[in-house]
Amino acid sequence: MTSFKAFVSEKVGEKEFSTSIQTKQISDLPEGEVLVKVAYSSLNYKDALSALGKPGVTKNYPHTPGIDASGTVVSSKSSDLNEGDEVIVTSYDLGMNTWGGFSEYIQVPASWVIPMPKGLDLKSSMMMGTAGLTAAMSVYKLIDKVSPNDGNVLVTGATGGVGSIAVSILNKLGYSVVTVTGKADKAEYLKSIGASEVISREAFLEGSERPLLKPQFAGVIDTVGGNYLATAIKATNPLGVVTCCGNAASFDLPLNVFPFILRGVSLIGIDSQNFPREERIKVWENVGKDWLPNNLEEISEEVSLEGLEEKINAIFKGQVSGRVLVKL
């Protein structure tokens, strides 16, 4: 079969974009060493930005978004990948300026393709997706310096895809997790996935203009940036570790040097797009072994290509919690 379905975003005006499901041919795909028949993808904030033509993500349209994909190798020019292999493709340029995973087929460089680790399958790997991989990378960097006995770990933006999975992994590894959210109705949800305490946005940001705050957290996984990240850093224990991976609140960081020079706090950036392949494989293997959240089914909802547009619009209204799995 050479024809297939793909979710396509097109520019229809100066600042207007439309999306539709179109029939494409294998010959339409970009050149690549590995052709993959996609089983699942997932919806991320970056996908929504790309689909609606928001600046700074995708340069050229028409375009098929989707920074995640799991599927089966159809053909390969790499000796490391064979027809029938189940694989994961995430990050790099997939779905940004290269044809993405909201499509029944993708064709990509072999270096982007990760063999499916033991303990994962096509569906569970995309319940994790880039959001889960980013959460796992954040945990991977955090636990090198912070143990469960050191104190509470804070997760910001905890109802989102990255935050939800970070809470679940940390809880599974024995950490006491504190979450901060602006969604008061999600407190029980956060406790159900592993949070020991839920702080309101207002309570968390109270006094945030001070140069330092009372030390409260041994570590922090921040997913939103801005004043949340700055406040979290100011409230981190001496020699604590903070990871950051998002900017939904703001890309600015209103901060001074005191947490770093008076408490020795470490700030570690998480870049899932260009995370080294060797470490990427290690993190995926950890997920397959014992990091896989027990509640992935509970924090995931499944949609088809036809249901994507509704979910993309919902993301910008703050109406999406957990993970959105896209079944191809």
# chains A, B, ... in the order shown; residues from 1 in each chain; ligands from 1
>>> residues_around(residues="Leu255 in chain A", least_positions_apart="2", cutoff="10 Å", atoms="only C-alpha atoms", output="count of residues only")
17
>>> residues_around(residues="range 70-75 of chain A", least_positions_apart="2", cutoff="7 Å", atoms="only C-alpha atoms", output="PyMOL selection string")
chain A and resi 34-41+82-89+122+126
>>> closest_atom_pairs(of="range 73-180 of chain A", to="range 283-299 of chain A", cutoff="7 Å", atoms="only C-alpha atoms", output="CSV")
residue,atom,partner,partner_atom,distance
A:Pro117,CA,A:Glu285,CA,5.6
A:Lys118,CA,A:Gly288,CA,5.7
A:Gly119,CA,A:Gly288,CA,4.3
A:Leu120,CA,A:Gly288,CA,5.3
A:Met127,CA,A:Leu296,CA,6.6
A:Ala136,CA,A:Val283,CA,6.6
A:Met137,CA,A:Val283,CA,6.5
A:Ile165,CA,A:Pro293,CA,6.9
A:Ser168,CA,A:Pro293,CA,5.5
A:Ile169,CA,A:Trp291,CA,5.7
>>> select_by_dssp(residues="range 234-325 of chain A", states="helix (DSSP H, G or I)", output="PyMOL selection string")
chain A and resi 234+258-262+277-291+305-315
>>> write_last_selection(atoms="C-alpha atoms", output="mmCIF file, in the first residue's frame")
data_model
loop_
_atom_site.group_PDB
_atom_site.id
_atom_site.type_symbol
_atom_site.label_atom_id
_atom_site.label_comp_id
_atom_site.auth_asym_id
_atom_site.auth_seq_id
_atom_site.Cartn_x
_atom_site.Cartn_y
_atom_site.Cartn_z
ATOM 1 C CA LYS A 234 14.741 30.424 45.972
ATOM 2 C CA PHE A 258 21.829 34.279 45.985
ATOM 3 C CA PRO A 259 20.431 30.706 45.726
ATOM 4 C CA PHE A 260 23.549 29.719 43.803
ATOM 5 C CA ILE A 261 26.266 31.504 45.783
ATOM 6 C CA LEU A 262 24.725 31.267 49.281
ATOM 7 C CA ARG A 277 21.545 9.040 22.031
ATOM 8 C CA GLU A 278 23.492 6.828 24.454
ATOM 9 C CA GLU A 279 21.884 8.461 27.498
ATOM 10 C CA ARG A 280 18.522 8.504 25.712
ATOM 11 C CA ILE A 281 18.730 4.715 25.339
ATOM 12 C CA LYS A 282 19.641 4.366 29.046
ATOM 13 C CA VAL A 283 16.659 6.450 30.103
ATOM 14 C CA TRP A 284 14.270 4.445 27.898
ATOM 15 C CA GLU A 285 15.721 1.237 29.360
ATOM 16 C CA ASN A 286 15.134 2.555 32.896
ATOM 17 C CA VAL A 287 11.540 3.309 31.957
ATOM 18 C CA GLY A 288 11.092 -0.226 30.640
ATOM 19 C CA LYS A 289 12.629 -1.794 33.745
ATOM 20 C CA ASP A 290 11.067 -0.105 36.760
ATOM 21 C CA TRP A 291 10.307 3.551 36.019
ATOM 22 C CA LEU A 305 -6.384 11.644 13.877
ATOM 23 C CA GLU A 306 -9.965 12.883 13.603
ATOM 24 C CA GLY A 307 -9.951 13.868 17.299
ATOM 25 C CA LEU A 308 -6.681 15.781 17.203
ATOM 26 C CA GLU A 309 -7.911 19.243 16.264
ATOM 27 C CA GLU A 310 -10.218 19.406 19.299
ATOM 28 C CA LYS A 311 -7.397 18.417 21.659
ATOM 29 C CA ILE A 312 -4.969 20.886 20.073
ATOM 30 C CA ASN A 313 -7.376 23.740 20.768
ATOM 31 C CA ALA A 314 -7.985 22.423 24.297
ATOM 32 C CA ILE A 315 -4.272 22.575 25.156
#
>>> select_by_dssp(residues="range 233-279 of chain A", states="strand (DSSP E or B)", output="ChimeraX atom specification")
/A:236-244,250,266-269
>>> write_last_selection(atoms="N, CA, C and O atoms", output="mmCIF file, in the first residue's frame")
data_model
loop_
_atom_site.group_PDB
_atom_site.id
_atom_site.type_symbol
_atom_site.label_atom_id
_atom_site.label_comp_id
_atom_site.auth_asym_id
_atom_site.auth_seq_id
_atom_site.Cartn_x
_atom_site.Cartn_y
_atom_site.Cartn_z
ATOM 1 N N THR A 236 14.770 26.203 47.401
ATOM 2 C CA THR A 236 15.478 24.929 47.378
ATOM 3 C C THR A 236 16.521 24.865 48.491
ATOM 4 O O THR A 236 17.194 25.854 48.785
ATOM 5 N N ASN A 237 16.641 23.696 49.090
ATOM 6 C CA ASN A 237 17.599 23.480 50.185
ATOM 7 C C ASN A 237 19.043 23.705 49.721
ATOM 8 O O ASN A 237 19.339 23.585 48.525
ATOM 9 N N PRO A 238 19.935 23.973 50.646
ATOM 10 C CA PRO A 238 21.353 24.046 50.302
ATOM 11 C C PRO A 238 21.817 22.779 49.588
ATOM 12 O O PRO A 238 21.470 21.665 49.987
ATOM 13 N N LEU A 239 22.557 22.967 48.520
ATOM 14 C CA LEU A 239 23.084 21.897 47.665
ATOM 15 C C LEU A 239 21.984 21.106 46.962
ATOM 16 O O LEU A 239 22.220 20.018 46.448
ATOM 17 N N GLY A 240 20.782 21.686 46.914
ATOM 18 C CA GLY A 240 19.698 21.029 46.196
ATOM 19 C C GLY A 240 19.855 21.158 44.693
ATOM 20 O O GLY A 240 20.703 21.908 44.185
ATOM 21 N N VAL A 241 19.023 20.401 43.955
ATOM 22 C CA VAL A 241 19.109 20.354 42.493
ATOM 23 C C VAL A 241 17.754 20.713 41.894
ATOM 24 O O VAL A 241 16.722 20.203 42.328
ATOM 25 N N VAL A 242 17.787 21.581 40.891
ATOM 26 C CA VAL A 242 16.583 21.985 40.174
ATOM 27 C C VAL A 242 16.774 21.671 38.693
ATOM 28 O O VAL A 242 17.789 22.050 38.105
ATOM 29 N N THR A 243 15.824 20.964 38.092
ATOM 30 C CA THR A 243 15.855 20.769 36.647
ATOM 31 C C THR A 243 14.751 21.607 36.016
ATOM 32 O O THR A 243 13.706 21.830 36.622
ATOM 33 N N CYS A 244 14.988 22.087 34.802
ATOM 34 C CA CYS A 244 13.954 22.873 34.116
ATOM 35 C C CYS A 244 13.847 22.421 32.669
ATOM 36 O O CYS A 244 14.852 22.094 32.026
ATOM 37 N N SER A 250 6.543 31.401 31.269
ATOM 38 C CA SER A 250 7.341 32.483 30.678
ATOM 39 C C SER A 250 8.736 31.947 30.364
ATOM 40 O O SER A 250 9.217 31.019 31.018
ATOM 41 N N SER A 266 21.998 23.866 42.372
ATOM 42 C CA SER A 266 22.367 23.569 40.988
ATOM 43 C C SER A 266 21.128 23.625 40.098
ATOM 44 O O SER A 266 20.084 23.071 40.452
ATOM 45 N N LEU A 267 21.245 24.286 38.962
ATOM 46 C CA LEU A 267 20.170 24.367 37.975
ATOM 47 C C LEU A 267 20.601 23.599 36.732
ATOM 48 O O LEU A 267 21.631 23.918 36.130
ATOM 49 N N ILE A 268 19.809 22.595 36.348
ATOM 50 C CA ILE A 268 20.154 21.740 35.215
ATOM 51 C C ILE A 268 19.065 21.845 34.148
ATOM 52 O O ILE A 268 17.895 21.577 34.412
ATOM 53 N N GLY A 269 19.444 22.235 32.959
ATOM 54 C CA GLY A 269 18.502 22.305 31.849
ATOM 55 C C GLY A 269 18.305 20.941 31.210
ATOM 56 O O GLY A 269 19.261 20.162 31.068
#
>>> closest_residue(among="A:Met116, A:Val8, A:Ile106, A:Leu43", to="Thr64 in chain A", atoms="only C-alpha atoms")
A:Val8
>>> atom_distance(atom1="CA of Leu49 in chain A", atom2="CA of Asp93 in chain A")
14.4 Å
>>> atom_distance(atom1="CA of Ser103 in chain A", atom2="CA of Pro115 in chain A")
19.7 Å
>>> atom_distance(atom1="CA of Lys214 in chain A", atom2="CA of Ala195 in chain A")
20.9 Å
>>> closest_residue(among="A:Gly225, A:Pro109, A:Gly264, A:Pro30", to="Leu81 in chain A", atoms="only C-alpha atoms")
A:Pro109
>>> residues_around(residues="Ala248 in chain A", least_positions_apart="2", cutoff="10 Å", atoms="only C-alpha atoms", output="VMD selection string")
chain A and resid 45 157 223 to 226 245 to 246 250 to 251
>>> closest_residue(among="A:Ala218, A:Ala166, A:Ala184, A:Met96", to="Lys145 in chain A", atoms="only C-alpha atoms")
A:Ala218
>>> residues_around(residues="range 10-19 of chain A", least_positions_apart="3", cutoff="8 Å", atoms="only C-alpha atoms", output="list in words")
Phe7, Ala51, Leu52, Gly53, Tyr61, Pro62, His63 and Glu309 of chain A
>>> write_last_selection(atoms="all heavy atoms", output="JSON list (two decimals), in the first residue's frame")
[["chain", "number", "residue", "atom", "x", "y", "z"],
["A", 7, "PHE", "N", -2.22, 13.96, 9.17],
["A", 7, "PHE", "CA", -2.80, 15.20, 9.70],
["A", 7, "PHE", "C", -1.93, 16.34, 9.21],
["A", 7, "PHE", "O", -0.73, 16.40, 9.49],
["A", 7, "PHE", "CB", -2.81, 15.14, 11.23],
["A", 7, "PHE", "CG", -3.42, 16.32, 11.92],
["A", 7, "PHE", "CD1", -4.77, 16.34, 12.22],
["A", 7, "PHE", "CD2", -2.64, 17.40, 12.30],
["A", 7, "PHE", "CE1", -5.34, 17.42, 12.89],
["A", 7, "PHE", "CE2", -3.19, 18.49, 12.96],
["A", 7, "PHE", "CZ", -4.55, 18.50, 13.25],
["A", 51, "ALA", "N", 1.03, 22.94, 14.85],
["A", 51, "ALA", "CA", -0.21, 22.76, 14.09],
["A", 51, "ALA", "C", -0.91, 24.09, 13.82],
["A", 51, "ALA", "O", -1.52, 24.28, 12.75],
["A", 51, "ALA", "CB", -1.15, 21.83, 14.84],
["A", 52, "LEU", "N", -0.81, 25.02, 14.76],
["A", 52, "LEU", "CA", -1.50, 26.30, 14.62],
["A", 52, "LEU", "C", -0.57, 27.42, 14.16],
["A", 52, "LEU", "O", -0.93, 28.59, 14.21],
["A", 52, "LEU", "CB", -2.18, 26.68, 15.93],
["A", 52, "LEU", "CG", -3.27, 25.70, 16.40],
["A", 52, "LEU", "CD1", -3.97, 26.24, 17.63],
["A", 52, "LEU", "CD2", -4.30, 25.44, 15.30],
["A", 53, "GLY", "N", 0.63, 27.05, 13.73],
["A", 53, "GLY", "CA", 1.54, 28.02, 13.13],
["A", 53, "GLY", "C", 2.12, 29.04, 14.09],
["A", 53, "GLY", "O", 2.48, 30.15, 13.68],
["A", 61, "TYR", "N", 5.21, 25.42, 5.60],
["A", 61, "TYR", "CA", 3.92, 24.75, 5.52],
["A", 61, "TYR", "C", 3.57, 24.54, 4.06],
["A", 61, "TYR", "O", 4.07, 25.27, 3.21],
["A", 61, "TYR", "CB", 2.84, 25.59, 6.23],
["A", 61, "TYR", "CG", 3.01, 25.65, 7.73],
["A", 61, "TYR", "CD1", 3.89, 26.57, 8.30],
["A", 61, "TYR", "CD2", 2.33, 24.77, 8.57],
["A", 61, "TYR", "CE1", 4.05, 26.62, 9.68],
["A", 61, "TYR", "CE2", 2.50, 24.82, 9.94],
["A", 61, "TYR", "CZ", 3.35, 25.75, 10.49],
["A", 61, "TYR", "OH", 3.53, 25.78, 11.86],
["A", 62, "PRO", "N", 2.73, 23.51, 3.73],
["A", 62, "PRO", "CA", 2.03, 22.55, 4.60],
["A", 62, "PRO", "C", 3.00, 21.68, 5.39],
["A", 62, "PRO", "O", 4.13, 21.44, 4.96],
["A", 62, "PRO", "CB", 1.22, 21.71, 3.61],
["A", 62, "PRO", "CG", 1.17, 22.52, 2.35],
["A", 62, "PRO", "CD", 2.44, 23.28, 2.30],
["A", 63, "HIS", "N", 2.50, 21.21, 6.54],
["A", 63, "HIS", "CA", 3.37, 20.44, 7.44],
["A", 63, "HIS", "C", 2.55, 19.43, 8.23],
["A", 63, "HIS", "O", 1.39, 19.70, 8.59],
["A", 63, "HIS", "CB", 4.07, 21.39, 8.41],
["A", 63, "HIS", "CG", 4.88, 20.72, 9.45],
["A", 63, "HIS", "ND1", 6.00, 19.97, 9.15],
["A", 63, "HIS", "CD2", 4.74, 20.65, 10.81],
["A", 63, "HIS", "CE1", 6.52, 19.49, 10.28],
["A", 63, "HIS", "NE2", 5.77, 19.88, 11.28],
["A", 309, "GLU", "N", -7.70, 17.80, 16.31],
["A", 309, "GLU", "CA", -7.91, 19.24, 16.26],
["A", 309, "GLU", "C", -8.56, 19.75, 17.55],
["A", 309, "GLU", "O", -8.16, 20.79, 18.10],
["A", 309, "GLU", "CB", -8.78, 19.62, 15.06],
["A", 309, "GLU", "CG", -8.95, 21.12, 14.89],
["A", 309, "GLU", "CD", -9.70, 21.49, 13.63],
["A", 309, "GLU", "OE1", -10.28, 20.58, 12.99],
["A", 309, "GLU", "OE2", -9.70, 22.67, 13.27]]
>>> closest_residue(among="A:Ser50, A:Glu104, A:Ser20, A:Ser300", to="Phe4 in chain A", atoms="only C-alpha atoms")
A:Glu104
>>> decode(residues="range 265-318 of chain A", atoms="C-alpha atoms", output="mmCIF file, in the first residue's frame")
data_model
loop_
_atom_site.group_PDB
_atom_site.id
_atom_site.type_symbol
_atom_site.label_atom_id
_atom_site.label_comp_id
_atom_site.auth_asym_id
_atom_site.auth_seq_id
_atom_site.Cartn_x
_atom_site.Cartn_y
_atom_site.Cartn_z
ATOM 1 C CA VAL A 265 21.804 25.236 44.386
ATOM 2 C CA SER A 266 22.367 23.569 40.988
ATOM 3 C CA LEU A 267 20.170 24.367 37.975
ATOM 4 C CA ILE A 268 20.154 21.740 35.215
ATOM 5 C CA GLY A 269 18.502 22.305 31.849
ATOM 6 C CA ILE A 270 16.738 19.378 30.178
ATOM 7 C CA ASP A 271 16.781 19.378 26.373
ATOM 8 C CA SER A 272 14.969 16.273 25.178
ATOM 9 C CA GLN A 273 15.369 17.262 21.546
ATOM 10 C CA ASN A 274 19.148 16.843 21.472
ATOM 11 C CA PHE A 275 19.735 14.593 24.518
ATOM 12 C CA PRO A 276 22.691 12.289 23.635
ATOM 13 C CA ARG A 277 21.545 9.040 22.031
ATOM 14 C CA GLU A 278 23.492 6.828 24.454
ATOM 15 C CA GLU A 279 21.884 8.461 27.498
ATOM 16 C CA ARG A 280 18.522 8.504 25.712
ATOM 17 C CA ILE A 281 18.730 4.715 25.339
ATOM 18 C CA LYS A 282 19.641 4.366 29.046
ATOM 19 C CA VAL A 283 16.659 6.450 30.103
ATOM 20 C CA TRP A 284 14.270 4.445 27.898
ATOM 21 C CA GLU A 285 15.721 1.237 29.360
ATOM 22 C CA ASN A 286 15.134 2.555 32.896
ATOM 23 C CA VAL A 287 11.540 3.309 31.957
ATOM 24 C CA GLY A 288 11.092 -0.226 30.640
ATOM 25 C CA LYS A 289 12.629 -1.794 33.745
ATOM 26 C CA ASP A 290 11.067 -0.105 36.760
ATOM 27 C CA TRP A 291 10.307 3.551 36.019
ATOM 28 C CA LEU A 292 7.134 2.953 34.034
ATOM 29 C CA PRO A 293 4.282 4.647 35.942
ATOM 30 C CA ASN A 294 1.616 2.239 37.168
ATOM 31 C CA ASN A 295 -1.138 4.664 36.243
ATOM 32 C CA LEU A 296 -0.351 5.386 32.586
ATOM 33 C CA GLU A 297 -3.779 4.170 31.511
ATOM 34 C CA GLU A 298 -5.403 6.492 34.055
ATOM 35 C CA ILE A 299 -3.492 9.596 32.990
ATOM 36 C CA SER A 300 -3.841 8.912 29.251
ATOM 37 C CA GLU A 301 -6.724 9.309 26.856
ATOM 38 C CA GLU A 302 -6.739 7.952 23.324
ATOM 39 C CA VAL A 303 -7.841 9.819 20.213
ATOM 40 C CA SER A 304 -7.705 9.213 16.474
ATOM 41 C CA LEU A 305 -6.384 11.644 13.877
ATOM 42 C CA GLU A 306 -9.965 12.883 13.603
ATOM 43 C CA GLY A 307 -9.951 13.868 17.299
ATOM 44 C CA LEU A 308 -6.681 15.781 17.203
ATOM 45 C CA GLU A 309 -7.911 19.243 16.264
ATOM 46 C CA GLU A 310 -10.218 19.406 19.299
ATOM 47 C CA LYS A 311 -7.397 18.417 21.659
ATOM 48 C CA ILE A 312 -4.969 20.886 20.073
ATOM 49 C CA ASN A 313 -7.376 23.740 20.768
ATOM 50 C CA ALA A 314 -7.985 22.423 24.297
ATOM 51 C CA ILE A 315 -4.272 22.575 25.156
ATOM 52 C CA PHE A 316 -4.235 26.361 24.755
ATOM 53 C CA LYS A 317 -7.260 26.655 27.030
ATOM 54 C CA GLY A 318 -5.567 24.640 29.796
#
